[in-house]
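Participant: Let me give you the structure first, and then I'll get to my questions.
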Amino acid sequence: MTLNASITVKRGDEFTLETSIRVEEGKTVALLGPNGAGKSTAVAALAGLLPIDQGRIVLGDRVLDDPDVGVFVPPDERGIGVVFQDYLLFGHLTVAENVAFGLRSQKKERDAADVKTSAWLERLGLSQLANSKARDLSGGQAQKVAVARALIIDPGLLLLDEPMAALDATTRVEVRRDLADHLSRFAGPRLLITHDPTEAFLLADEINVIENGRITQVGSADDVRLRPRTRYVADLAGSNLLTGTALSGAVTVGTHILQVGDTAIGGSVLATIHPRAISVHRRHPEGSPRNVWKTAIVRIEHFGDRVRLQTGDPLPLAVEVTPAAVDALGLKHESEIWLSVKATEIGVEPG
Amino acid sequence: MSREKARHGRSRPPIAFVVLAAIAVVFFLLPLIGLLARTPWSDLVSLLASEVVADALVLSAIASFAAVTISTVVGVPLAWVLARVDFRGRALVRGLVLLPLVLPPVVGGAALLFALGRRGVVGEPLYEATGLVLPFSIWGVVIAVTFVSMPFLVLTVEGALRNVDVRFEGAAGSLGAGGWTVFRRVTLPMIGPSLAAGMVLTWARAIGEFGATVTFAGNLAGETQTLPLAVFVALETNRDTATALSLLMVAISLTVLVLLRDRWLRPQ
């Protein structure tokens, strides 16, 4: 099943959402953008909570919304599983009742629904909480219940609206891993709505950047990160995000080894390097930076008062410098340069 | 102010407030004291055991619970429509619902008579078609008290429905629940406390109804004489009975308040 949506929704005179989203079976697409970009409007349109003004939403071979031919399938007949922002669990119901809600609403046989519900609770490690009221759950538990509630109806599309926004930083890493696991087990198309580039990079196969109601860039995480098409994308998604393995203060990323400040962390990690934390030199730099390597400029782009360089092997990175530096160093496409980064400028977290 | 009090966020109120508040409390307390002072405690049981009292009590119970039932069955959907459906004339309909609250009950009873009386706009064809006469019957009592008390239910429930986060209903819809299921399993539990409060307010207004009842249903002992009407009649004829009946009503009302205090008397 594939989602093919072209959505135009007018909100008053000020705001128009005009966007096309395509998500193929088994793929996760992220709709990445700031608050007010139209992400929630897109969710409402796809879920059927808001009819579109123009366009066409097709899931598999089923037209869900097409104002031109007067088709509008109501939310309860769309078969779209939604994990809502803030989860929207029914606080007065138990965890088991929340998970079973969709099955019970579809008049499924009670015994079969109970069996399926128990299986889901077990899979998520929530069996112990089955009879707790949903309002008493922690953020991480609530998210699991929300995911189970959405997936138990065997939806044709899984829609995740800011699934991490309600979590605190300490639980986010663990919950993100679980979520990645659930996403990979769901066979249909998955659409992740988020304002957090890290989340998009880690969970999505393709990123659609949305700004002011319009898609401004579509591409892989690397495309968006290394070749931002607008200044906004550069700011939003600009930080270099690398996955690697840490051991005693050294993080191996592909063939390259980065020295980092955190010597305690080990195992699979995410390293972040801000593009402005990287220094550019024409010759091997003097002094004490722990990370120094030679590379070449593969792309050079001007964004107003900043210039963004994309560097090549052994570690493709986005680097940001001033136009003055470009002139002084005579930087251009294919220039050979030396990069240096202080160990303490590299952020590391479990990934 | 002691440190201990300050720590608990209790501040000393202005003296003038204490005095004025005390006056208000006394104002509420005095009638109760008057009633208790006049109560013929020794004859209480025999006074309340009379047939007139028993009839009035039964009728009041039937009429007030019927009013709550009817108000809930038609008032909740009305509240839902007022809260959720944007239609022309919504303000007008809401005004119409509020009318019994501000209208003197006697006027309401008279208006019911003009509409549903044997010669009334609707009452006459109804009588000719079915032989049913609404006023001066137990039906009249139920209609009169429902007319006066339903606005409390509609207002309370409409307010609650406006405060419900409709995203929860959207979530239920996305899980495949149709309109009725969403209402029953999500909306209704969310407005539950307010619905209960509205039902209690409706019941309280219904049990105390006097003006519309006496105008539309009359004051026939054993037929349309509710407790308040019985009290009024007894004040003219037998003051001890009136006192005993009043005490009975105070007791009933207090019992309901106490039973429901956790529900809605506690400030949120």
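In the structure tokens, the first chain shown is A, the next is B, and so on; residue numbers restart at 1 for each chain, and ligands run from 1 in the order shown.
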Mind listing as a list of chain:residue names which residues of chain A are within 6 Å of chain B, counting only C-alpha atoms?

Facilitator: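 Using only C-alpha atoms, chain A residues at most 6 Å from chain B: A:Pro75, A:Asp76, A:Leu88, A:Gly102, A:Ser105.
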
Participant: If you take only C-alpha atoms and a cut-off of 12 Å, which residues of segment 201-265 of chain B touch segment 111-130 of chain B, and what are their nearest atom pairs and distances in Å to one decimal, in chain and number order, as a tab-separated table?

Facilitator:
```
residue	atom	partner	partner_atom	distance
B:Gly211	CA	B:Leu112	CA	11.8
B:Ala212	CA	B:Leu112	CA	8.3
B:Thr213	CA	B:Leu112	CA	10.0
B:Val214	CA	B:Leu113	CA	11.1
B:Thr215	CA	B:Leu113	CA	7.8
B:Phe216	CA	B:Leu113	CA	5.6
B:Ala217	CA	B:Leu113	CA	8.8
B:Gly218	CA	B:Leu113	CA	10.8
```

Participant: Mind writing the picked residues with C-alpha atoms as a compact mmCIF listing (two decimals), in the first residue's frame?

Facilitator:
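Below is the file out32.txt, written as the result:
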```
# COMPACT_ATOMS: atom_id res chain seq x y z
CA GLY B 211 -45.45 28.67 40.41
CA ALA B 212 -45.65 26.86 37.08
CA THR B 213 -47.08 23.75 38.74
CA VAL B 214 -49.88 25.54 40.56
CA THR B 215 -50.79 27.49 37.40
CA PHE B 216 -50.67 24.65 34.89
CA ALA B 217 -51.49 21.60 36.99
CA GLY B 218 -53.51 23.13 39.82
```

Participant: With only C-alpha atoms as the counted atoms, please give the residues lying no more than 10 Å from segment 88-96 of chain B, apart from itself and same-chain residues fewer than 3 positions off, as a ChimeraX atom specification.

Facilitator: /B:78-79,81-83,85,99-101,151,154-155

Participant: Using only C-alpha atoms, which of the listed residues (B:Trp41, B:Leu98, B:Leu227, B:Leu20) sits closest to Asp55 of chain B?

Facilitator: B:Leu227

Participant: Write out as a ChimeraX atom specification which residues come within 8 Å of Glu336 of chain A when counting only C-alpha atoms, dropping same-chain ones fewer than 3 positions away.

Facilitator: /A:282,294-297

Participant: Store the residues of this selection in a file with N, CA and C atoms, as a JSON list (two decimals), in the first residue's frame.

Facilitator:
```json
[["chain", "number", "residue", "atom", "x", "y", "z"],
["A", 282, "ARG", "N", 44.34, 25.94, 5.30],
["A", 282, "ARG", "CA", 44.93, 25.51, 4.02],
["A", 282, "ARG", "C", 46.12, 24.57, 4.25],
["A", 294, "LYS", "N", 42.68, 15.80, 6.57],
["A", 294, "LYS", "CA", 42.74, 16.47, 5.29],
["A", 294, "LYS", "C", 41.57, 16.00, 4.43],
["A", 295, "THR", "N", 40.96, 16.93, 3.71],
["A", 295, "THR", "CA", 39.84, 16.57, 2.84],
["A", 295, "THR", "C", 39.73, 17.59, 1.72],
["A", 296, "ALA", "N", 38.63, 17.54, 0.99],
["A", 296, "ALA", "CA", 38.44, 18.50, -0.10],
["A", 296, "ALA", "C", 37.03, 19.05, -0.05],
["A", 297, "ILE", "N", 36.85, 20.23, -0.62],
["A", 297, "ILE", "CA", 35.52, 20.83, -0.68],
["A", 297, "ILE", "C", 34.79, 20.24, -1.88]]
```

Participant: Record the distance separating atom CA of Asp327 of chain A and atom CA of Val307 of chain A, expressed in Å with one decimal.

Facilitator: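 Atom CA of Asp327 of chain A sits 10.8 Å away from atom CA of Val307 of chain A.
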
Participant: Show which residues sit within 12 Å of Ala45 of chain A, as an MDAnalysis selection string. Count only C-alpha atoms, and ignore same-chain residues fewer than 4 positions away.

Facilitator: (chainID A and resid 5:10 17:19 21 38:41 49:58 64:66 72:75 78 80 159) or (chainID B and resid 170 174)

Participant: Let me make sure I understand: among B:Leu57, B:Leu220, B:Arg162, B:Val97, which one has the smallest atom-to-atom distance to Phe136 of chain B if we use only C-alpha atoms?

Facilitator: B:Leu220

Participant: If DSSP is run on the backbone, what residues of segment 44-157 of chain B are alpha helix (DSSP H)? A reply as a count of residues only would be ideal.

Facilitator: 92
